[in-house]
file final-v1.tsv (TSV, C-alpha atoms)
chain	number	residue	atom	x	y	z
A	1	MET	CA	115.68	136.51	134.08
A	2	LYS	CA	113.98	138.58	136.73
A	3	TRP	CA	112.37	137.46	139.98
A	4	ILE	CA	108.55	137.31	139.95
A	5	SER	CA	106.45	137.92	143.07
A	6	VAL	CA	104.62	134.83	144.37
A	7	LYS	CA	101.46	136.96	144.10
A	8	GLU	CA	101.79	136.07	140.42
A	9	LYS	CA	101.22	132.32	140.53
A	10	PRO	CA	103.90	130.09	138.99
A	11	PRO	CA	102.90	127.15	136.80
A	12	SER	CA	101.78	124.07	138.75
A	13	TYR	CA	103.80	120.83	138.86
A	14	VAL	CA	106.90	122.45	137.31
A	15	ASP	CA	110.25	122.86	139.08
A	16	ILE	CA	110.99	126.56	139.67
A	17	LEU	CA	113.62	128.55	141.54
A	18	LEU	CA	112.30	130.09	144.77
A	19	THR	CA	113.69	132.65	147.22
A	20	ASP	CA	112.67	134.10	150.58
A	21	LYS	CA	115.21	136.91	150.00
A	22	GLU	CA	117.64	135.01	152.25
A	23	ARG	CA	118.35	131.85	150.27
A	24	MET	CA	117.24	130.01	147.14
A	25	TRP	CA	115.92	126.52	146.46
A	26	VAL	CA	114.22	124.50	143.74
A	27	GLY	CA	110.59	123.70	144.40
A	28	GLN	CA	107.14	123.54	142.90
A	29	THR	CA	103.53	124.36	143.69
A	30	PHE	CA	100.24	122.65	142.97
A	31	ASP	CA	96.96	123.72	141.34
A	32	ASN	CA	95.24	126.48	143.32
A	33	LEU	CA	97.34	125.94	146.46
A	34	ASP	CA	99.53	128.47	148.22
A	35	ILE	CA	102.07	125.79	149.18
A	36	PHE	CA	105.56	125.56	147.74
A	37	LEU	CA	107.26	122.20	148.24
A	38	ALA	CA	111.01	121.87	148.09
A	39	SER	CA	112.21	119.40	145.48
A	40	HIS	CA	114.88	118.14	147.91
A	41	PRO	CA	115.47	118.05	151.68
A	42	ASP	CA	116.30	121.41	153.22
A	43	TYR	CA	119.68	120.83	154.86
A	44	LYS	CA	120.26	124.41	156.04
A	45	ARG	CA	117.24	124.37	158.35
A	46	THR	CA	115.22	121.70	160.08
A	47	PRO	CA	113.24	120.11	157.22
A	48	LYS	CA	109.73	120.42	158.67
A	49	ASN	CA	106.65	122.53	158.37
A	50	GLU	CA	104.40	123.69	161.21
A	51	HIS	CA	102.89	120.19	161.32
A	52	GLY	CA	106.28	118.45	161.49
A	53	ALA	CA	106.07	117.06	157.94
A	54	PRO	CA	109.55	116.26	156.57
A	55	PHE	CA	111.05	117.75	153.41
A	56	ILE	CA	108.72	120.73	153.17
A	57	THR	CA	110.68	123.94	153.41
A	58	TYR	CA	109.92	125.97	156.52
A	59	SER	CA	110.58	129.19	154.62
A	60	LYS	CA	107.86	131.05	152.80
A	61	PRO	CA	109.05	132.18	149.39
A	62	THR	CA	108.49	135.75	148.29
A	63	HIS	CA	109.63	135.39	144.66
A	64	TRP	CA	110.15	132.76	141.97
A	65	MET	CA	111.58	132.39	138.46
A	66	PRO	CA	111.72	129.64	135.84
A	67	LEU	CA	114.76	127.37	135.91
A	68	PRO	CA	117.24	127.86	133.07
A	69	GLU	CA	117.58	125.18	130.42
A	70	PRO	CA	120.17	122.53	131.38
A	71	PRO	CA	123.43	122.44	129.42
A	72	GLU	CA	123.59	120.46	126.20
A	73	VAL	CA	124.95	116.93	126.49
A	74	LYS	CA	127.66	116.32	123.91
A	75	GLY	CA	128.64	112.87	123.45
call {"tool": "encode", "arguments": {"input": "final-v1.tsv", "output": "structure tokens"}}
result
Amino acid sequence: MKWISVKEKPPSYVDILLTDKERMWVGQTFDNLDIFLASHPDYKRTPKNEHGAPFITYSKPTHWMPLPEPPEVKG
């Protein structure tokens, strides 16, 4: 899979892999919004945005890609 610029909007309400060219995280975006929320707390940096809201990544992603399919469960 190749990285896609955030200029090309990812699907809304779907977990995707994001990068700011420094690190990667799983997140998602919402219909017609330029916000990318992290799907988990950001432990490598203070988990806040410019308004102090928790659990929103402070980084601005530059690229995204779909997540791979999870492994098969054999049981």
call {"tool": "atom_distance", "arguments": {"input": "final-v1.tsv", "atom1": "atom CA of Val26 of chain A", "atom2": "atom CA of Lys7 of chain A"}}
result
17.8 Å
call {"tool": "atom_distance", "arguments": {"input": "final-v1.tsv", "atom1": "atom CA of Pro71 of chain A", "atom2": "atom CA of Glu8 of chain A"}}
result
27.8 Å
call {"tool": "atom_distance", "arguments": {"input": "final-v1.tsv", "atom1": "atom CA of Ala38 of chain A", "atom2": "atom CA of Lys74 of chain A"}}
result
29.9 Å
call {"tool": "residues_around", "arguments": {"input": "final-v1.tsv", "residues": "Pro68 of chain A", "least_positions_apart": "3", "cutoff": "10 Å", "atoms": "only C-alpha atoms", "output": "mmCIF file with C-alpha atoms, in the coordinates of the input"}}
result
data_model
loop_
_atom_site.group_PDB
_atom_site.id
_atom_site.type_symbol
_atom_site.label_atom_id
_atom_site.label_comp_id
_atom_site.auth_asym_id
_atom_site.auth_seq_id
_atom_site.Cartn_x
_atom_site.Cartn_y
_atom_site.Cartn_z
ATOM 1 C CA MET A 1 115.680 136.510 134.080
ATOM 2 C CA ILE A 16 110.990 126.560 139.670
ATOM 3 C CA LEU A 17 113.620 128.550 141.540
ATOM 4 C CA MET A 65 111.580 132.390 138.460
ATOM 5 C CA PRO A 71 123.430 122.440 129.420
#
call {"tool": "closest_residue", "arguments": {"input": "final-v1.tsv", "among": "A:Ser59, A:Ile35, A:Thr19, A:Gln28", "to": "Ile4 of chain A", "atoms": "only C-alpha atoms"}}
result
A:Thr19
call {"tool": "closest_residue", "arguments": {"input": "final-v1.tsv", "among": "A:Glu69, A:Leu37, A:Lys2, A:Pro11", "to": "Trp25 of chain A", "atoms": "all atoms listed in the file"}}
result
A:Leu37
call {"tool": "residues_around", "arguments": {"input": "final-v1.tsv", "residues": "Asp31 of chain A", "least_positions_apart": "3", "cutoff": "12 Å", "atoms": "all atoms listed in the file", "output": "list in words"}}
result
Lys9, Pro10, Pro11, Ser12, Tyr13, Val14, Gln28, Asp34, Ile35 and Phe36 of chain A
